[in-house]
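Shown below: upload.txt, with compact mmCIF, N, CA, C and O atoms.
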# COMPACT_ATOMS: atom_id res chain seq x y z
N MET A 94 -38.76 13.11 -14.22
CA MET A 94 -38.09 14.15 -13.47
C MET A 94 -37.65 13.62 -12.11
O MET A 94 -36.58 13.97 -11.63
N ARG A 95 -38.48 12.79 -11.49
CA ARG A 95 -38.13 12.24 -10.18
C ARG A 95 -36.93 11.32 -10.28
O ARG A 95 -36.13 11.25 -9.36
N LYS A 96 -36.83 10.60 -11.39
CA LYS A 96 -35.69 9.70 -11.56
C LYS A 96 -34.39 10.48 -11.57
O LYS A 96 -33.39 10.05 -10.98
N HIS A 97 -34.38 11.63 -12.21
CA HIS A 97 -33.17 12.44 -12.28
C HIS A 97 -32.75 12.94 -10.91
O HIS A 97 -31.58 12.95 -10.58
N ILE A 98 -33.73 13.32 -10.10
CA ILE A 98 -33.43 13.80 -8.75
C ILE A 98 -32.90 12.66 -7.90
O ILE A 98 -31.91 12.82 -7.17
N ILE A 99 -33.51 11.51 -8.00
CA ILE A 99 -33.07 10.35 -7.22
C ILE A 99 -31.65 9.94 -7.64
O ILE A 99 -30.80 9.66 -6.78
N ILE A 100 -31.39 9.93 -8.91
CA ILE A 100 -30.06 9.57 -9.40
C ILE A 100 -29.02 10.59 -8.93
O ILE A 100 -27.92 10.24 -8.51
N ALA A 101 -29.38 11.88 -8.96
CA ALA A 101 -28.46 12.92 -8.52
C ALA A 101 -28.17 12.79 -7.03
O ALA A 101 -27.02 12.91 -6.59
N VAL A 102 -29.19 12.53 -6.23
CA VAL A 102 -29.00 12.38 -4.78
C VAL A 102 -28.13 11.15 -4.49
O VAL A 102 -27.22 11.20 -3.65
N CYS A 103 -28.39 10.05 -5.16
CA CYS A 103 -27.57 8.84 -4.97
C CYS A 103 -26.13 9.11 -5.37
O CYS A 103 -25.20 8.67 -4.69
N GLY A 104 -25.94 9.82 -6.44
CA GLY A 104 -24.58 10.14 -6.88
C GLY A 104 -23.86 10.99 -5.86
O GLY A 104 -22.67 10.77 -5.57
N LEU A 105 -24.55 11.96 -5.28
CA LEU A 105 -23.93 12.80 -4.25
C LEU A 105 -23.60 12.00 -3.00
O LEU A 105 -22.55 12.21 -2.38
N VAL A 106 -24.47 11.08 -2.61
CA VAL A 106 -24.21 10.26 -1.43
C VAL A 106 -22.99 9.39 -1.66
O VAL A 106 -22.10 9.29 -0.80
N PHE A 107 -22.89 8.75 -2.81
CA PHE A 107 -21.74 7.90 -3.09
C PHE A 107 -20.46 8.71 -3.24
O PHE A 107 -19.39 8.27 -2.84
N ALA A 108 -20.55 9.90 -3.79
CA ALA A 108 -19.38 10.76 -3.92
C ALA A 108 -18.88 11.20 -2.54
O ALA A 108 -17.68 11.23 -2.28
N ALA A 109 -19.79 11.51 -1.65
CA ALA A 109 -19.41 11.91 -0.30
C ALA A 109 -18.77 10.74 0.44
O ALA A 109 -17.78 10.91 1.16
N ALA A 110 -19.32 9.55 0.27
CA ALA A 110 -18.75 8.38 0.93
C ALA A 110 -17.38 8.05 0.35
O ALA A 110 -16.47 7.63 1.08
N GLY A 111 -17.22 8.25 -0.92
CA GLY A 111 -15.94 7.94 -1.57
C GLY A 111 -14.85 8.93 -1.23
O GLY A 111 -13.66 8.61 -1.26
N SER A 112 -15.23 10.14 -0.86
CA SER A 112 -14.22 11.15 -0.57
C SER A 112 -13.88 11.22 0.91
O SER A 112 -13.14 12.10 1.34
N ALA A 113 -14.44 10.33 1.71
CA ALA A 113 -14.13 10.32 3.14
C ALA A 113 -12.66 9.97 3.33
O ALA A 113 -12.08 9.19 2.59
N SER A 114 -12.06 10.57 4.35
CA SER A 114 -10.63 10.34 4.56
C SER A 114 -10.41 8.97 5.20
O SER A 114 -11.20 8.52 6.03
N LEU A 115 -9.35 8.33 4.81
CA LEU A 115 -8.99 7.03 5.35
C LEU A 115 -8.07 7.21 6.54
O LEU A 115 -7.35 8.20 6.64
N PRO A 116 -8.05 6.24 7.44
CA PRO A 116 -7.13 6.35 8.58
C PRO A 116 -5.68 6.21 8.11
O PRO A 116 -5.40 5.65 7.04
N ALA A 117 -4.77 6.74 8.92
CA ALA A 117 -3.35 6.65 8.58
C ALA A 117 -2.92 5.19 8.57
O ALA A 117 -3.39 4.39 9.38
N PRO A 118 -2.04 4.80 7.65
CA PRO A 118 -1.61 3.40 7.61
C PRO A 118 -0.78 3.04 8.83
O PRO A 118 -0.03 3.86 9.36
N THR A 119 -0.89 1.80 9.24
CA THR A 119 -0.12 1.31 10.37
C THR A 119 1.32 1.07 9.93
O THR A 119 1.61 1.00 8.72
N PRO A 120 2.25 0.93 10.87
CA PRO A 120 3.63 0.64 10.47
C PRO A 120 3.76 -0.64 9.64
O PRO A 120 4.59 -0.70 8.73
N GLU A 121 2.93 -1.63 9.93
CA GLU A 121 2.99 -2.88 9.14
C GLU A 121 2.54 -2.62 7.70
O GLU A 121 3.13 -3.14 6.77
N GLN A 122 1.51 -1.79 7.56
CA GLN A 122 1.03 -1.47 6.21
C GLN A 122 2.07 -0.64 5.46
O GLN A 122 2.26 -0.83 4.25
N GLN A 123 2.74 0.26 6.16
CA GLN A 123 3.78 1.06 5.52
C GLN A 123 4.94 0.18 5.09
O GLN A 123 5.50 0.34 4.00
N ALA A 124 5.32 -0.78 5.95
CA ALA A 124 6.41 -1.69 5.60
C ALA A 124 6.02 -2.57 4.42
O ALA A 124 6.83 -2.81 3.51
N ALA A 125 4.78 -3.04 4.41
CA ALA A 125 4.31 -3.87 3.29
C ALA A 125 4.29 -3.06 2.00
O ALA A 125 4.66 -3.57 0.93
N ALA A 126 3.87 -1.80 2.09
CA ALA A 126 3.86 -0.95 0.90
C ALA A 126 5.27 -0.69 0.39
O ALA A 126 5.52 -0.71 -0.82
N ALA A 127 6.21 -0.48 1.32
CA ALA A 127 7.60 -0.26 0.91
C ALA A 127 8.18 -1.52 0.26
O ALA A 127 8.91 -1.44 -0.73
N LEU A 128 7.85 -2.68 0.82
CA LEU A 128 8.33 -3.94 0.24
C LEU A 128 7.74 -4.16 -1.15
O LEU A 128 8.45 -4.55 -2.08
N ASN A 129 6.45 -3.88 -1.30
CA ASN A 129 5.82 -4.02 -2.62
C ASN A 129 6.42 -3.06 -3.63
O ASN A 129 6.61 -3.41 -4.80
N ALA A 130 6.74 -1.84 -3.19
CA ALA A 130 7.36 -0.88 -4.10
C ALA A 130 8.75 -1.35 -4.51
O ALA A 130 9.15 -1.22 -5.68
N ALA A 131 9.50 -1.92 -3.56
CA ALA A 131 10.83 -2.43 -3.89
C ALA A 131 10.75 -3.61 -4.85
O ALA A 131 11.55 -3.73 -5.78
N LYS A 132 9.77 -4.49 -4.63
CA LYS A 132 9.59 -5.63 -5.53
C LYS A 132 9.21 -5.16 -6.94
O LYS A 132 9.70 -5.71 -7.93
N ALA A 133 8.35 -4.16 -7.02
CA ALA A 133 7.94 -3.64 -8.33
C ALA A 133 9.12 -2.99 -9.04
O ALA A 133 9.30 -3.17 -10.26
N ALA A 134 9.94 -2.26 -8.30
CA ALA A 134 11.12 -1.63 -8.91
C ALA A 134 12.09 -2.69 -9.42
O ALA A 134 12.67 -2.55 -10.50
N HIS A 135 12.27 -3.76 -8.64
CA HIS A 135 13.17 -4.84 -9.09
C HIS A 135 12.60 -5.54 -10.31
O HIS A 135 13.34 -5.88 -11.24
N ALA A 136 11.28 -5.76 -10.32
CA ALA A 136 10.65 -6.40 -11.48
C ALA A 136 10.84 -5.55 -12.73
O ALA A 136 11.06 -6.09 -13.83
N ASN A 137 10.77 -4.23 -12.58
CA ASN A 137 11.00 -3.35 -13.73
C ASN A 137 12.44 -3.46 -14.22
O ASN A 137 12.70 -3.42 -15.42
N LYS A 138 13.40 -3.59 -13.29
CA LYS A 138 14.80 -3.74 -13.68
C LYS A 138 15.01 -5.06 -14.41
O LYS A 138 15.75 -5.13 -15.40
N VAL A 139 14.37 -6.13 -13.93
CA VAL A 139 14.48 -7.43 -14.59
C VAL A 139 13.87 -7.36 -15.99
O VAL A 139 14.43 -7.89 -16.95
N ALA A 140 12.73 -6.71 -16.11
CA ALA A 140 12.08 -6.58 -17.42
C ALA A 140 12.96 -5.79 -18.38
O ALA A 140 13.08 -6.14 -19.56
N ALA A 141 13.60 -4.72 -17.89
CA ALA A 141 14.49 -3.93 -18.75
C ALA A 141 15.70 -4.77 -19.17
O ALA A 141 16.15 -4.67 -20.32
N TYR A 142 16.21 -5.60 -18.27
CA TYR A 142 17.34 -6.47 -18.60
C TYR A 142 16.95 -7.48 -19.68
O TYR A 142 17.69 -7.69 -20.65
N GLN A 143 15.78 -8.10 -19.52
CA GLN A 143 15.33 -9.08 -20.50
C GLN A 143 15.07 -8.41 -21.86
O GLN A 143 15.38 -9.00 -22.90
N LEU A 144 14.54 -7.21 -21.84
CA LEU A 144 14.33 -6.47 -23.09
C LEU A 144 15.67 -6.16 -23.75
O LEU A 144 15.81 -6.30 -24.97
N CYS A 145 16.66 -5.78 -22.96
CA CYS A 145 17.98 -5.47 -23.50
C CYS A 145 18.59 -6.70 -24.17
O CYS A 145 19.16 -6.61 -25.26
N LEU A 146 18.46 -7.86 -23.51
CA LEU A 146 18.99 -9.10 -24.10
C LEU A 146 18.29 -9.43 -25.41
O LEU A 146 18.94 -9.79 -26.40
N THR A 147 16.99 -9.28 -25.44
CA THR A 147 16.23 -9.59 -26.64
C THR A 147 16.58 -8.63 -27.77
O THR A 147 16.74 -9.05 -28.93
N GLN A 148 16.72 -7.36 -27.45
CA GLN A 148 17.09 -6.39 -28.46
C GLN A 148 18.48 -6.70 -29.01
O GLN A 148 18.73 -6.55 -30.22
N GLY A 149 19.38 -7.15 -28.16
CA GLY A 149 20.72 -7.52 -28.61
C GLY A 149 20.68 -8.70 -29.57
O GLY A 149 21.39 -8.71 -30.59
N LYS A 150 19.84 -9.70 -29.26
CA LYS A 150 19.71 -10.86 -30.14
C LYS A 150 19.15 -10.45 -31.50
O LYS A 150 19.62 -10.91 -32.55
N VAL A 151 18.15 -9.59 -31.49
CA VAL A 151 17.54 -9.14 -32.75
C VAL A 151 18.56 -8.35 -33.56
O VAL A 151 18.67 -8.51 -34.78
N ALA A 152 19.31 -7.49 -32.89
CA ALA A 152 20.32 -6.69 -33.59
C ALA A 152 21.40 -7.59 -34.18
O ALA A 152 21.83 -7.37 -35.33
N ASP A 153 21.85 -8.59 -33.43
CA ASP A 153 22.86 -9.52 -33.95
C ASP A 153 22.35 -10.27 -35.17
O ASP A 153 23.08 -10.46 -36.16
N GLN A 154 21.09 -10.71 -35.12
CA GLN A 154 20.50 -11.42 -36.26
C GLN A 154 20.43 -10.50 -37.48
O GLN A 154 20.73 -10.92 -38.60
N TYR A 155 20.07 -9.24 -37.27
CA TYR A 155 19.98 -8.28 -38.37
C TYR A 155 21.36 -8.06 -39.00
O TYR A 155 21.49 -8.01 -40.22
N ILE A 156 22.37 -7.94 -38.16
CA ILE A 156 23.74 -7.73 -38.67
C ILE A 156 24.18 -8.93 -39.50
O ILE A 156 24.79 -8.78 -40.57
N LYS A 157 23.85 -10.15 -39.02
CA LYS A 157 24.21 -11.35 -39.78
C LYS A 157 23.51 -11.38 -41.13
O LYS A 157 24.11 -11.74 -42.14
N GLU A 158 22.24 -10.98 -41.15
CA GLU A 158 21.51 -10.95 -42.42
C GLU A 158 22.11 -9.93 -43.38
O GLU A 158 22.20 -10.18 -44.59
N GLN A 159 22.52 -8.79 -42.87
CA GLN A 159 23.10 -7.75 -43.72
C GLN A 159 24.45 -8.21 -44.26
O GLN A 159 24.78 -7.94 -45.43
N LYS A 160 25.25 -8.91 -43.43
CA LYS A 160 26.54 -9.42 -43.90
C LYS A 160 26.34 -10.48 -44.97
O LYS A 160 27.10 -10.56 -45.94
N ALA A 161 25.28 -11.30 -44.82
CA ALA A 161 24.99 -12.32 -45.82
C ALA A 161 24.62 -11.69 -47.16
O ALA A 161 24.88 -12.25 -48.22
N LYS A 162 24.03 -10.51 -47.12
CA LYS A 162 23.66 -9.79 -48.33
C LYS A 162 24.84 -9.01 -48.90
O LYS A 162 24.73 -8.42 -49.97
N GLY A 163 25.95 -8.98 -48.16
CA GLY A 163 27.12 -8.27 -48.64
C GLY A 163 27.18 -6.82 -48.19
O GLY A 163 28.03 -6.06 -48.64
N LYS A 164 26.31 -6.42 -47.32
CA LYS A 164 26.31 -5.04 -46.81
C LYS A 164 27.08 -5.00 -45.49
O LYS A 164 27.01 -5.91 -44.69
N VAL A 165 27.79 -3.91 -45.32
CA VAL A 165 28.52 -3.73 -44.07
C VAL A 165 27.70 -2.81 -43.18
O VAL A 165 27.37 -1.68 -43.55
N TYR A 166 27.36 -3.30 -42.04
CA TYR A 166 26.56 -2.54 -41.09
C TYR A 166 27.29 -2.51 -39.76
O TYR A 166 27.59 -3.54 -39.18
N THR A 167 27.58 -1.32 -39.28
CA THR A 167 28.23 -1.18 -37.98
C THR A 167 27.27 -0.47 -37.04
O THR A 167 26.93 0.70 -37.26
N PRO A 168 26.82 -1.16 -36.02
CA PRO A 168 25.86 -0.55 -35.09
C PRO A 168 26.54 0.46 -34.17
O PRO A 168 27.76 0.44 -33.99
N GLU A 169 25.73 1.32 -33.59
CA GLU A 169 26.25 2.27 -32.62
C GLU A 169 26.62 1.53 -31.34
O GLU A 169 26.05 0.49 -31.02
N ALA A 170 27.58 2.09 -30.62
CA ALA A 170 27.97 1.48 -29.36
C ALA A 170 26.86 1.71 -28.33
O ALA A 170 26.37 2.82 -28.16
N THR A 171 26.46 0.65 -27.69
CA THR A 171 25.42 0.75 -26.66
C THR A 171 25.97 0.20 -25.35
O THR A 171 26.88 -0.63 -25.36
N PRO A 172 25.44 0.65 -24.23
CA PRO A 172 25.92 0.11 -22.97
C PRO A 172 25.53 -1.35 -22.83
O PRO A 172 24.50 -1.79 -23.37
N PRO A 173 26.33 -2.12 -22.11
CA PRO A 173 26.01 -3.54 -21.95
C PRO A 173 24.77 -3.73 -21.07
O PRO A 173 24.42 -2.86 -20.27
N CYS A 174 24.13 -4.86 -21.23
CA CYS A 174 22.97 -5.19 -20.40
C CYS A 174 23.46 -5.52 -18.99
O CYS A 174 24.42 -6.26 -18.83
N VAL A 175 22.80 -4.96 -17.99
CA VAL A 175 23.21 -5.17 -16.60
C VAL A 175 22.16 -6.03 -15.91
O VAL A 175 21.00 -5.65 -15.82
N ASN A 176 22.60 -7.19 -15.43
CA ASN A 176 21.71 -8.11 -14.73
C ASN A 176 21.48 -7.57 -13.32
O ASN A 176 22.42 -7.37 -12.56
N PRO A 177 20.21 -7.33 -12.93
CA PRO A 177 19.95 -6.79 -11.60
C PRO A 177 20.14 -7.80 -10.48
O PRO A 177 20.19 -7.42 -9.31
N GLY A 178 20.26 -9.07 -10.80
CA GLY A 178 20.45 -10.09 -9.77
C GLY A 178 19.15 -10.43 -9.07
O GLY A 178 18.08 -9.92 -9.41
N PRO A 179 19.24 -11.27 -8.04
CA PRO A 179 18.02 -11.65 -7.33
C PRO A 179 17.50 -10.51 -6.47
O PRO A 179 18.25 -9.60 -6.11
N PHE A 180 16.24 -10.59 -6.12
CA PHE A 180 15.63 -9.55 -5.30
C PHE A 180 16.16 -9.63 -3.88
O PHE A 180 16.20 -10.69 -3.27
N VAL A 181 16.58 -8.48 -3.36
CA VAL A 181 17.03 -8.36 -1.98
C VAL A 181 16.21 -7.24 -1.36
O VAL A 181 16.24 -6.10 -1.85
N PRO A 182 15.45 -7.55 -0.29
CA PRO A 182 14.63 -6.49 0.30
C PRO A 182 15.50 -5.38 0.88
O PRO A 182 16.60 -5.65 1.36
N PRO A 183 15.03 -4.15 0.82
CA PRO A 183 15.81 -3.04 1.38
C PRO A 183 16.03 -3.24 2.87
O PRO A 183 15.21 -3.84 3.55
N PRO A 184 17.14 -2.74 3.42
CA PRO A 184 17.43 -2.96 4.84
C PRO A 184 16.35 -2.38 5.76
O PRO A 184 16.05 -2.95 6.79
N ALA A 185 15.76 -1.26 5.39
CA ALA A 185 14.75 -0.66 6.25
C ALA A 185 13.52 -1.55 6.34
O ALA A 185 12.88 -1.64 7.38
N VAL A 186 13.19 -2.23 5.26
CA VAL A 186 12.02 -3.11 5.25
C VAL A 186 12.36 -4.43 5.93
O VAL A 186 11.56 -4.97 6.69
N ALA A 187 13.55 -4.95 5.67
CA ALA A 187 13.92 -6.23 6.24
C ALA A 187 14.11 -6.14 7.75
O ALA A 187 13.86 -7.09 8.48
N ALA A 188 14.58 -4.99 8.25
CA ALA A 188 14.86 -4.85 9.66
C ALA A 188 13.67 -4.32 10.45
O ALA A 188 13.77 -4.12 11.65
N ALA A 189 12.56 -4.06 9.79
CA ALA A 189 11.39 -3.52 10.49
C ALA A 189 10.86 -4.57 11.46
O ALA A 189 10.58 -5.70 11.06
N PRO A 190 10.76 -4.21 12.74
CA PRO A 190 10.27 -5.19 13.71
C PRO A 190 8.79 -5.45 13.50
O PRO A 190 8.01 -4.54 13.23
N ALA A 191 8.43 -6.69 13.66
CA ALA A 191 7.02 -7.04 13.51
C ALA A 191 6.31 -6.71 14.81
O ALA A 191 6.79 -7.03 15.89
N GLN A 192 5.19 -6.06 14.70
CA GLN A 192 4.41 -5.70 15.88
C GLN A 192 3.67 -6.95 16.35
O GLN A 192 3.00 -7.61 15.57
N PRO A 193 3.80 -7.28 17.65
CA PRO A 193 3.05 -8.45 18.13
C PRO A 193 1.55 -8.15 18.12
O PRO A 193 1.14 -7.01 18.29
N ALA A 194 0.78 -9.19 17.94
CA ALA A 194 -0.66 -9.01 17.91
C ALA A 194 -1.13 -8.61 19.30
O ALA A 194 -0.54 -8.97 20.32
N ALA A 195 -2.20 -7.85 19.36
CA ALA A 195 -2.73 -7.40 20.64
C ALA A 195 -3.21 -8.61 21.44
O ALA A 195 -3.81 -9.55 20.91
N ALA A 196 -2.89 -8.61 22.73
CA ALA A 196 -3.26 -9.72 23.58
C ALA A 196 -4.76 -9.76 23.76
O ALA A 196 -5.43 -8.72 23.87
N ALA A 197 -5.30 -10.95 23.80
CA ALA A 197 -6.74 -11.10 23.99
C ALA A 197 -7.07 -10.72 25.43
O ALA A 197 -6.33 -11.06 26.36
N PRO A 198 -8.19 -10.05 25.65
CA PRO A 198 -8.56 -9.68 27.01
C PRO A 198 -8.87 -10.92 27.85
O PRO A 198 -9.43 -11.89 27.36
N LYS A 199 -8.45 -10.85 29.11
CA LYS A 199 -8.68 -11.96 30.02
C LYS A 199 -10.11 -11.92 30.51
O LYS A 199 -10.67 -10.86 30.76
N LYS A 200 -10.68 -13.10 30.67
CA LYS A 200 -12.06 -13.18 31.15
C LYS A 200 -12.10 -13.40 32.63
O LYS A 200 -11.34 -13.98 33.25
Whole structure, structure tokens version:
Amino acid sequence: MRKHIIIAVCGLVFAAAGSASLPAPTPEQQAAAALNAAKAAHANKVAAYQLCLTQGKVADQYIKEQKAKGKVYTPEATPPCVNPGPFVPPPAVAAAPAQPAAAAPKK
């Protein structure tokens, strides 16, 4: 019975510590988060482009196989694959001024 009480008290202590509010992010942290979000969005666009290219190759191979068997297969019209290009940071993130480090106190 004592073990259950101890476990419950420990759980409540850890839950209280985990639910404590965090300080507001600094401008540098906000800029870093925005840059990471932009990089992740670009990576998703690149992944979608690569998937589109691969799907096109598979579809072309399937059409060739069907023609070799004497079947006529006409695929539906699909939009072309769009290359997102290289990553370019958003202007708000790229133009964010870097905060200088706090000066060390003089002795």
Per-residue DSSP, chain A, filtered to helix (DSSP H, G or I), as a ChimeraX atom specification: /A:95-111,120-161,184-187
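The coordinates place atom C of A:Thr119 at 19.5 Å from atom N of A:Pro182.
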Could you give me the centre and size, in Å to one decimal, of an axis-aligned box around all listed atoms of stretch 173-177 of chain A with 8 Å added on every side, as lines of an AutoDock Vina configuration file?
center_x = 23.1
center_y = -5.1
center_z = -15.7
size_x = 22.4
size_y = 22.0
size_z = 28.8
For stretch 165-177 of chain A: contacts at 8 Å, all atoms listed in the file, fewer than 2 positions along chain excluded, given as an MDAnalysis selection string: chainID A and resid 135 138:139 141:143 145:146 152 155:157 159:163 179:181
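In this model, the gap between atom C of A:Ala125 and atom C of A:Pro183 comes to 11.8 Å.
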